[in-house]
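K.L.:
Attaching a single structure in structure tokens format; questions to follow.
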Amino acid sequence: MKIGTIDQESRIRLAGASPKDKFWVIEEPDGYRLRRIVPPEGRLSKAEVIRRIRASKLTFTRDWDEIRKDTREP
């Protein structure tokens, strides 16, 4: 196990990491764990973006007028 020290700016140097590598910091009861974030392969095509938006569950299930009535005071 290697030991790292945090500097004045709360940074730590990791052996085997290169510049611009991104890590997900997971806080655990006994300390922290890092997982490397793998970048996506490339840009998505327009058709793929539209397909993913339509398949997403983050869409409105009611029409705009119903939502407007809920957000306005009576």
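Here's how to read the names in the structure tokens: chain A, B, ... by the order shown, residue numbers from 1 in each chain, ligand numbers from 1 in the order shown.
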I need the strand (DSSP E or B) residues of chain A per DSSP on the backbone, written as a PyMOL selection string.

P.N.:
chain A and resi 23-28+31-36

K.L.:
Chain A: which residues are helix (DSSP H, G or I) by DSSP, as a list of chain:residue names?

P.N.:
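DSSP-assigned helix (DSSP H, G or I) residues in chain A: A:Lys46, A:Ala47, A:Glu48, A:Val49, A:Ile50, A:Arg51, A:Arg52, A:Ile53, A:Arg54, A:Ala55, A:Trp64, A:Asp65, A:Glu66, A:Ile67, A:Arg68, A:Lys69, A:Asp70, A:Thr71.
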
K.L.:
Would you save the residues of that selection, restricted to C-alpha atoms, as a PDB file, in the first residue's frame?

P.N.:
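Done, and the output landed in part_16.pdb:
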ATOM      1  CA  LYS A  46     -28.057  13.298 -33.257  1.00  0.00           C
ATOM      2  CA  ALA A  47     -30.295  10.255 -33.757  1.00  0.00           C
ATOM      3  CA  GLU A  48     -28.790   8.556 -30.687  1.00  0.00           C
ATOM      4  CA  VAL A  49     -29.309  11.660 -28.538  1.00  0.00           C
ATOM      5  CA  ILE A  50     -32.956  11.912 -29.606  1.00  0.00           C
ATOM      6  CA  ARG A  51     -33.476   8.194 -28.919  1.00  0.00           C
ATOM      7  CA  ARG A  52     -32.001   8.524 -25.410  1.00  0.00           C
ATOM      8  CA  ILE A  53     -34.105  11.605 -24.626  1.00  0.00           C
ATOM      9  CA  ARG A  54     -37.296   9.808 -25.656  1.00  0.00           C
ATOM     10  CA  ALA A  55     -36.327   6.729 -23.608  1.00  0.00           C
ATOM     11  CA  TRP A  64     -48.046  22.208 -19.503  1.00  0.00           C
ATOM     12  CA  ASP A  65     -51.424  23.700 -18.479  1.00  0.00           C
ATOM     13  CA  GLU A  66     -51.877  21.129 -15.696  1.00  0.00           C
ATOM     14  CA  ILE A  67     -48.398  21.843 -14.365  1.00  0.00           C
ATOM     15  CA  ARG A  68     -49.047  25.605 -14.509  1.00  0.00           C
ATOM     16  CA  LYS A  69     -52.235  25.199 -12.402  1.00  0.00           C
ATOM     17  CA  ASP A  70     -50.279  23.308  -9.720  1.00  0.00           C
ATOM     18  CA  THR A  71     -47.573  25.948  -9.500  1.00  0.00           C
TER      19      THR A  71
END

K.L.:
Between CA of Pro40 (chain A) and CA of Lys22 (chain A), what distance in Å does the model show, to one decimal?

P.N.:
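So the two atoms, CA of Pro40 (chain A) and CA of Lys22 (chain A), lie 12.3 Å apart.
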
K.L.:
With a distance cut-off of 12 Å and only C-alpha atoms, select the neighbouring residues of region 24-39 of chain A, excluding the residue or stretch itself and same-chain residues fewer than 6 positions from it, and output the selection as a list of chain:residue names.

P.N.:
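Once the nearby chain positions are removed, what remains is A:Ile12, A:Leu14, A:Gly16, A:Ala17, A:Ser18.
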
K.L.:
Keeping only N, CA and C atoms, write the selected residues as a PDB file, in the first residue's frame.

P.N.:
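Contents of the output file selection-v3.pdb:
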ATOM      1  N   ILE A  12      -3.871  15.483  -3.633  1.00  0.00           N
ATOM      2  CA  ILE A  12      -3.038  14.321  -3.346  1.00  0.00           C
ATOM      3  C   ILE A  12      -2.496  13.805  -4.671  1.00  0.00           C
ATOM      4  N   LEU A  14      -1.358  10.752  -6.951  1.00  0.00           N
ATOM      5  CA  LEU A  14      -1.589   9.317  -7.068  1.00  0.00           C
ATOM      6  C   LEU A  14      -0.614   8.709  -8.060  1.00  0.00           C
ATOM      7  N   GLY A  16       0.496   6.304 -10.841  1.00  0.00           N
ATOM      8  CA  GLY A  16      -0.244   5.650 -11.909  1.00  0.00           C
ATOM      9  C   GLY A  16      -1.316   6.517 -12.536  1.00  0.00           C
ATOM     10  N   ALA A  17      -1.583   7.677 -11.970  1.00  0.00           N
ATOM     11  CA  ALA A  17      -2.587   8.584 -12.537  1.00  0.00           C
ATOM     12  C   ALA A  17      -1.880   9.583 -13.443  1.00  0.00           C
ATOM     13  N   SER A  18      -2.563   9.987 -14.482  1.00  0.00           N
ATOM     14  CA  SER A  18      -2.001  10.983 -15.385  1.00  0.00           C
ATOM     15  C   SER A  18      -2.865  12.241 -15.329  1.00  0.00           C
TER      16      SER A  18
END

K.L.:
To one decimal place in Å, what is the distance between CA of Lys20 (chain A) and CA of Ser56 (chain A)?

P.N.:
29.6 Å

K.L.:
Take CA of Arg72 (chain A) and CA of Lys57 (chain A) and report the distance between them in Å, one decimal.

P.N.:
25.0 Å
